[in-house]
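Structure first, commentary second.
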Amino acid sequence: MLEYTLLAGLLFGLYFSLVGLGLNLTFGVMRIVNLAHGDFLMLGAFAAFWLFNLAGVVPLVSVFLILAAFALVGLPLYYLFVPRLLTAKDPEMLSIILFFGLSQVIEALTTIAFGTSERSIPGNVLGSGPVRLLGQSFPAAWVVSGIASGLAVLGIYLYLYQTRLGYLTRAVMVHREEALATGIDVHRVSAIAFGIGLALAATAGVFAPFMLGSVTPAMGVDINITSFAVIVVGSLGNPLGTVLGGIVYGISLMFMQSYFSSWANLLPYLLLIFILLVRPSGLLGRQVRRA
Amino acid sequence: MVRSLICGVLIGSFVAITCSARAADAPSEIKLGTLYASSGNFASISMPVHYGLKLWADAKNAEGGVFVKAFNKKIPLKLVEYDDQSNTATAATLYNQLITQDKVDILISDSGSVLTSVAVPIARDHKMLLIDQTGTGATFFTKDNPYIALMSDPVSSIWPKYIADFLTKDGPALGIKRIAILYSTNDFTGTQANAVRAFIKESKAPVDIVYDQGVPTNTTSYTVLINNIGATNPDAVVELGYPNNDISFLRNLQDGGIRFKWLFAIYPGLETELLEKNVGVKGLEHVFTYVPSSVIEYKPEVGLSLADFRAAWEKKYADAKVEFGFNSVAGYTTGLVLESALAVATSLDQLELRKAIFSLSGKLKTLDGTFELDDTGAQIGEITPLGQIESDGKGGVKFVVVYPHEVATGKPIYPAM
């Protein structure tokens with residue numbers, strides 16, 4: 001039981017690393033809080049549902065289409081919202097209000113388009129039957145989602161640390177004004193990061209029907225709360241911290257379900273309170289982000 | 001002779017004046033105040049109920065309104081409706097608004113126990129009769145509160161009786177000795193879990209409860225819980241949740257390649273179409289569930305038959321964004337009970353309405369079965385039999401009623417492996 005709980009927590013945590021990654025990248029680069037992050041994830045889920053049901057496109061194919069589409073959508077959205085926000089006195093606070101409004105609009109439009117009921121994609125499209133992992137049996141969809149999350153994390157790592165654009169992105173993350181002073185096209189770098197953030201959210205959305213059972217237009221709020229817990233635990237603005245935060249969240253949730261199941265929904269809040277009291281900068285702290 | 005004539009004229013005039021005065025006092029519309037959840041955790045059980053109620057109200061208005069005995073005429077209905085977004089705090093504010101600002105004549109709660117729970121004390125404080133559509137939490141119904149009546153769904157404390165009876169009476173002969181209970185911690189499923197537990201213990205049957213855990217209603221991942229249940233080696237598993245819980249549980253079960261020998265879940269029966277879309281026929285096969293009025297053809301004495309109601313539903317809501325199911329019948333049943341009560345109530349006074357509704361108890365037969373209340377306002381009619389879902393061989397599902405024996409249509413498949 002212990003091994004199963006631990007491994008399930010790891011897989012679930014890897015998925016939540018992907019869920020939080022886009023939010024953290026956006027915050028790290030732009031210092032804005034995208035409260036519509038969960039809604040973009042939901043849109044990714046509905047896009048996958050729609051592509052599967054209407055065109056028979058399986059999620060392992062649709063994920064690439066959705067990733068590209070949301071990355072492209074992110075660019076104009078950035079130029080529409082973010083530069084104006086960044087000229088304000090308190091862009092973080094204003095971003096919360098603006099993206100909260102956007103979140104409401106997205107949820108309402110999706111409800112009009114798809115209705116309020118739960119929607120999902122059959123689990124066997126990601127592999128039939130359970131998969132054995134270290135002697136334990138898990139749904140194939142969980143393993144595939146875990147692998148996809150791992151690849152996405154690796155992709156972000158390679159982007160940030162192995163590409164020129166990644167270096168520039170990290171420079172903006174460290175100090176936006178200094179980056180601007182050195183001639184970096186901060187808006188271009190930020191727009192790409194914003195697009196990647198949305199693409200990551202939508203990618204997580206493709207796997208949401210498998211990891212969360214079903215999706216509804218209203219799921220964004222719960223996703224946002226969990227995402228915030230994950231990135232605060234890891235450390236705000238640090239993508240690697242998000243991976244750690246996700247795994248801590250996943251394993252803690254599975255242990256809560258096993259031993260204190262009635263209280264499991266308190267976990268994101270308990271983690272937030274604990275980490276803010278003990279290590280406000282998150283598990284990986286500032287040093288790693290600034291490295 | 002002249003005296004008799006004068007008396008006759010005077011009496012006639014009095015009757016005419018009284019009648020015209022009553023007609024003049026009649027409101028131009030009967031205001032029905034209600035809430036619905038267009039988003040959030042309870043949207044999928046709220047919207048069908050709300051649409052069912054709307055269908056009834058629109059049909060009545062198309063006929064010129066509903067007959068109100070207190071004014072001896074048909075009066076149009078006006079639905080004053082607000083969206084509580086599945087949020088209890090919002091719902092509490094809106095219930096207050098319906099009573100104090102909109103001054104509705106009749107207060108109708110949102111669907112489900114969670115969103116009804118906040119309405120119970122508010123209605124009582126304002127001395128408004130709460131027309132409780134599907135809030136079955138047993139704690140809502142007490143002898144000292146005359147301001148509530150449950151329209152549809154049996155109260156949760158008796159609803160699962162047939163599950164427990166089957167497990168304790170037929171179960172041991174089938175080899176069922178170890179029972180696991182997993183429930184969502186809310187008024188609806190929490191009360192049902194308490195009832196199952198109590199019925200099993202009271203029966204003194206040779207069965208043990210080997211797993212008994214509650215999980216939050218917003219739980220979306222059941223893989224570890226299923227593994228933990230499996231580790232207790234149960235002969236029967238009772239999973240009590242809302243649609244989102246049942247969908248996640250059944251999908252995790254299917255994706256994990258696990259089958260319990262006997263499994264009960266609520267919503268494969270109550271919202272079959274929704275569950276079929278999300279879980280698939282294979283995932284529902286052999287699952288035990290309630291066999292609701294959306295499947296059984298009760299002979300209604302008031303309102304549409306099940307087939308006619310379904311046809312009306314599909315015509316009105318052709319976009320199929322809200323699935324037809326037990327909850328849609330429940331909303332329509334609320335309308336039928338109100339219609340029947342207004343036809344006998346001598347005023348719109350709240351306690352007179354209560355009296356009128358209680359006068360229907362045991363007599364009113366709708367497509368939902370026989371409407372019957374106990375003295376606290378809890379629904380004790382309309383108890384749903386226990387059934388098992390099987391494939392119909394045409395890509396859909398069918399229900400086999402297995403308990404009670406007098407209404408059974410087949411034998412249970414056990415073990416369902």
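To be explicit about the labels: the chains of the structure tokens are called A, B, and onward in the order shown, and within each one the residues are counted from 1, while ligands get numbers from 1 in the order they are shown.
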
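Backbone DSSP assigns strand (DSSP E) in region 4-191 of chain A to Pro130, Val131, Arg132, Leu133, Gln136, Ser137, Phe138 and Pro139 of chain A.
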
Selection export as a JSON list (two decimals), in the first residue's frame, atoms kept: N, CA and C atoms:
[["chain", "number", "residue", "atom", "x", "y", "z"],
["A", 130, "PRO", "N", -3.99, -1.82, -17.58],
["A", 130, "PRO", "CA", -3.05, -1.17, -16.67],
["A", 130, "PRO", "C", -1.59, -1.43, -17.06],
["A", 131, "VAL", "N", -0.71, -0.60, -16.55],
["A", 131, "VAL", "CA", 0.74, -0.73, -16.83],
["A", 131, "VAL", "C", 1.44, -1.08, -15.53],
["A", 132, "ARG", "N", 2.35, -2.06, -15.59],
["A", 132, "ARG", "CA", 3.10, -2.43, -14.37],
["A", 132, "ARG", "C", 4.30, -1.49, -14.23],
["A", 133, "LEU", "N", 4.44, -0.97, -13.05],
["A", 133, "LEU", "CA", 5.53, -0.03, -12.78],
["A", 133, "LEU", "C", 6.10, -0.38, -11.41],
["A", 136, "GLN", "N", 3.92, -2.46, -9.33],
["A", 136, "GLN", "CA", 2.58, -1.94, -9.04],
["A", 136, "GLN", "C", 1.85, -1.68, -10.36],
["A", 137, "SER", "N", 0.54, -1.74, -10.29],
["A", 137, "SER", "CA", -0.28, -1.61, -11.49],
["A", 137, "SER", "C", -0.98, -0.24, -11.53],
["A", 138, "PHE", "N", -0.78, 0.49, -12.62],
["A", 138, "PHE", "CA", -1.39, 1.83, -12.74],
["A", 138, "PHE", "C", -2.13, 1.95, -14.07],
["A", 139, "PRO", "N", -3.14, 2.81, -14.12],
["A", 139, "PRO", "CA", -3.81, 3.05, -15.41],
["A", 139, "PRO", "C", -2.79, 3.53, -16.44]]

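Residues from chain A found within 6 Å of chain B are Gly115, Thr116, Ser117, Ser120, Gly123, Gly129, Pro130, Phe138, Pro139, Leu212, Gly213, Ala218, Ser261 and Ser262 of chain A, counting only C-alpha atoms.
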
Find the residues around Pro59 (chain A) up to 8 Å (only C-alpha atoms counted), leave out those fewer than 3 positions away in its own chain, and share them as a PyMOL selection string. chain A and resi 48+52+62-63+125-126+206-207

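Comparing B:Phe324, B:Phe288, B:Tyr36, B:Tyr298 by their smallest distance to Glu390 (chain B), the closest is B:Phe288 (using only C-alpha atoms).
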
Which parts of region 144-351 of chain B does DSSP call alpha helix (DSSP H) when run on the backbone here, written out as a ChimeraX atom specification? /B:161-165,171-174,187-203,223-231,243-255,267-270,272-284,306-316,326-342,350-351

How far is it from CA of Ser328 (chain B) to CA of Gly381 (chain B), in Å with one decimal? 17.9 Å

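Each of B:Trp56, B:Pro154, B:Ala236, B:Ala91 was compared to Gly303 (chain B) using only C-alpha atoms, and B:Trp56 turns out to be the nearest.
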
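CA of Ala343 (chain B) lies 28.7 Å from CA of Leu115 (chain B).
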
Give me, as a ChimeraX atom specification, all polymer residues having an atom no more than 7 Å from region 12-16 of chain A, counting only C-alpha atoms and skipping those fewer than 2 positions away in the same chain. /A:8-10,18-20,145-146,149-150,243,246-251

Close residues, Ala180 (chain B) itself excluded, 12 Å, only C-alpha atoms, min 3 positions apart in chain, as an mmCIF file with C-alpha atoms, in the first residue's frame:
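Saved result, result-v5.cif, follows:
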data_model
loop_
_atom_site.group_PDB
_atom_site.id
_atom_site.type_symbol
_atom_site.label_atom_id
_atom_site.label_comp_id
_atom_site.auth_asym_id
_atom_site.auth_seq_id
_atom_site.Cartn_x
_atom_site.Cartn_y
_atom_site.Cartn_z
ATOM 1 C CA LEU B 167 -26.508 -7.091 1.030
ATOM 2 C CA ILE B 176 -21.008 -11.487 0.311
ATOM 3 C CA LYS B 177 -19.429 -11.177 3.740
ATOM 4 C CA TYR B 183 -18.628 8.084 0.311
ATOM 5 C CA ALA B 193 -23.524 6.194 4.083
ATOM 6 C CA VAL B 196 -26.287 1.938 4.909
ATOM 7 C CA ARG B 197 -23.981 1.461 7.895
ATOM 8 C CA ILE B 200 -26.258 -3.293 8.009
ATOM 9 C CA VAL B 207 -21.454 -9.345 7.038
ATOM 10 C CA ASP B 208 -18.639 -7.037 8.123
ATOM 11 C CA ILE B 209 -17.806 -3.528 7.024
ATOM 12 C CA VAL B 210 -14.094 -3.820 6.228
ATOM 13 C CA TYR B 211 -13.531 -0.348 4.741
ATOM 14 C CA ASP B 212 -15.438 2.813 5.612
ATOM 15 C CA GLN B 213 -13.939 6.101 4.429
ATOM 16 C CA GLY B 214 -15.245 9.525 3.442
ATOM 17 C CA LEU B 225 -8.455 4.785 -2.844
ATOM 18 C CA ILE B 226 -9.425 1.919 -5.165
ATOM 19 C CA ASN B 228 -6.713 0.663 -0.683
ATOM 20 C CA ILE B 229 -10.234 -0.765 -0.970
ATOM 21 C CA GLY B 230 -8.904 -3.702 -2.990
ATOM 22 C CA ALA B 231 -6.353 -4.392 -0.241
ATOM 23 C CA THR B 232 -9.238 -5.130 2.173
ATOM 24 C CA ASN B 233 -10.509 -7.843 -0.195
ATOM 25 C CA PRO B 234 -14.188 -6.821 -0.139
ATOM 26 C CA ASP B 235 -17.030 -8.896 -1.572
ATOM 27 C CA ALA B 236 -19.100 -5.757 -2.151
ATOM 28 C CA VAL B 237 -18.208 -2.094 -2.576
ATOM 29 C CA VAL B 238 -20.706 0.722 -2.014
ATOM 30 C CA GLU B 239 -19.479 3.972 -3.574
ATOM 31 C CA LEU B 240 -21.672 6.968 -2.783
ATOM 32 C CA PHE B 260 -14.996 -5.538 -7.781
ATOM 33 C CA LYS B 261 -17.287 -8.530 -7.360
ATOM 34 C CA TRP B 262 -20.217 -6.287 -6.470
ATOM 35 C CA LEU B 263 -20.217 -2.538 -6.919
ATOM 36 C CA PHE B 264 -22.924 0.018 -6.217
#

Tell me, as a ChimeraX atom specification, which residues lie within 9 Å of Phe114 (chain A), counting only C-alpha atoms; anything in the same chain fewer than 3 positions away does not count. /A:46,109-111,117,216-217 /B:321

Write the residues of the selection above to a file with C-alpha atoms, as a PDB file, in the first residue's frame.
ATOM      1  CA  PHE A  46     -12.280  20.797 -24.307  1.00  0.00           C
ATOM      2  CA  LEU A 109     -18.382  31.188 -23.185  1.00  0.00           C
ATOM      3  CA  THR A 110     -17.373  27.543 -22.726  1.00  0.00           C
ATOM      4  CA  THR A 111     -20.548  26.861 -20.761  1.00  0.00           C
ATOM      5  CA  SER A 117     -22.032  18.631 -17.714  1.00  0.00           C
ATOM      6  CA  THR A 216     -16.265  20.887 -16.907  1.00  0.00           C
ATOM      7  CA  PRO A 217     -16.183  24.583 -17.853  1.00  0.00           C
TER       8      PRO A 217
ATOM      9  CA  LYS B 321     -26.345  20.200 -23.500  1.00  0.00           C
TER      10      LYS B 321
END

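Using only C-alpha atoms, the residues found no farther than 7 Å from region 74-90 of chain A, other than those of its own chain fewer than 2 positions away, are A:Phe70, A:Ala71, A:Leu72, A:Glu92, A:Met93, A:Leu94, A:Ser95, A:Ala191, A:Ile192, A:Phe194, A:Gly195, A:Leu198.
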
Residues just named, written with N, CA and C atoms as a CSV table (one decimal), in the first residue's frame:
chain,number,residue,atom,x,y,z
A,70,PHE,N,-2.3,27.1,-28.9
A,70,PHE,CA,-2.3,28.0,-27.8
A,70,PHE,C,-1.1,28.8,-27.7
A,71,ALA,N,0.0,28.3,-28.1
A,71,ALA,CA,1.3,29.1,-28.2
A,71,ALA,C,1.0,30.3,-29.1
A,72,LEU,N,0.4,30.1,-30.2
A,72,LEU,CA,0.1,31.2,-31.2
A,72,LEU,C,-0.9,32.1,-30.6
A,92,GLU,N,1.1,43.4,-10.6
A,92,GLU,CA,0.7,42.1,-10.0
A,92,GLU,C,-0.8,42.2,-9.6
A,93,MET,N,-1.2,43.2,-8.8
A,93,MET,CA,-2.5,43.3,-8.4
A,93,MET,C,-3.5,43.5,-9.5
A,94,LEU,N,-3.1,44.4,-10.4
A,94,LEU,CA,-4.0,44.6,-11.6
A,94,LEU,C,-4.2,43.3,-12.4
A,95,SER,N,-3.1,42.6,-12.5
A,95,SER,CA,-3.2,41.3,-13.4
A,95,SER,C,-4.2,40.3,-12.7
A,191,ALA,N,6.5,37.8,-24.7
A,191,ALA,CA,5.3,37.3,-25.4
A,191,ALA,C,5.5,35.8,-25.7
A,192,ILE,N,6.7,35.4,-26.0
A,192,ILE,CA,7.0,34.0,-26.3
A,192,ILE,C,6.8,33.2,-25.0
A,194,PHE,N,4.9,33.9,-22.6
A,194,PHE,CA,3.4,33.9,-22.3
A,194,PHE,C,2.7,32.8,-23.1
A,195,GLY,N,3.1,32.8,-24.4
A,195,GLY,CA,2.6,31.8,-25.3
A,195,GLY,C,2.9,30.4,-24.9
A,198,LEU,N,0.7,29.5,-21.9
A,198,LEU,CA,-0.6,29.0,-22.3
A,198,LEU,C,-0.6,27.6,-22.9

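Here CA of Leu284 (chain B) and CA of Ser391 (chain B) stand 8.4 Å from one another.
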
Residue with the minimum atom-to-atom distance to Val155 (chain B), picked from B:Lys54, B:Thr136, B:Ala311, B:Ile179 with only C-alpha atoms counted, is B:Thr136
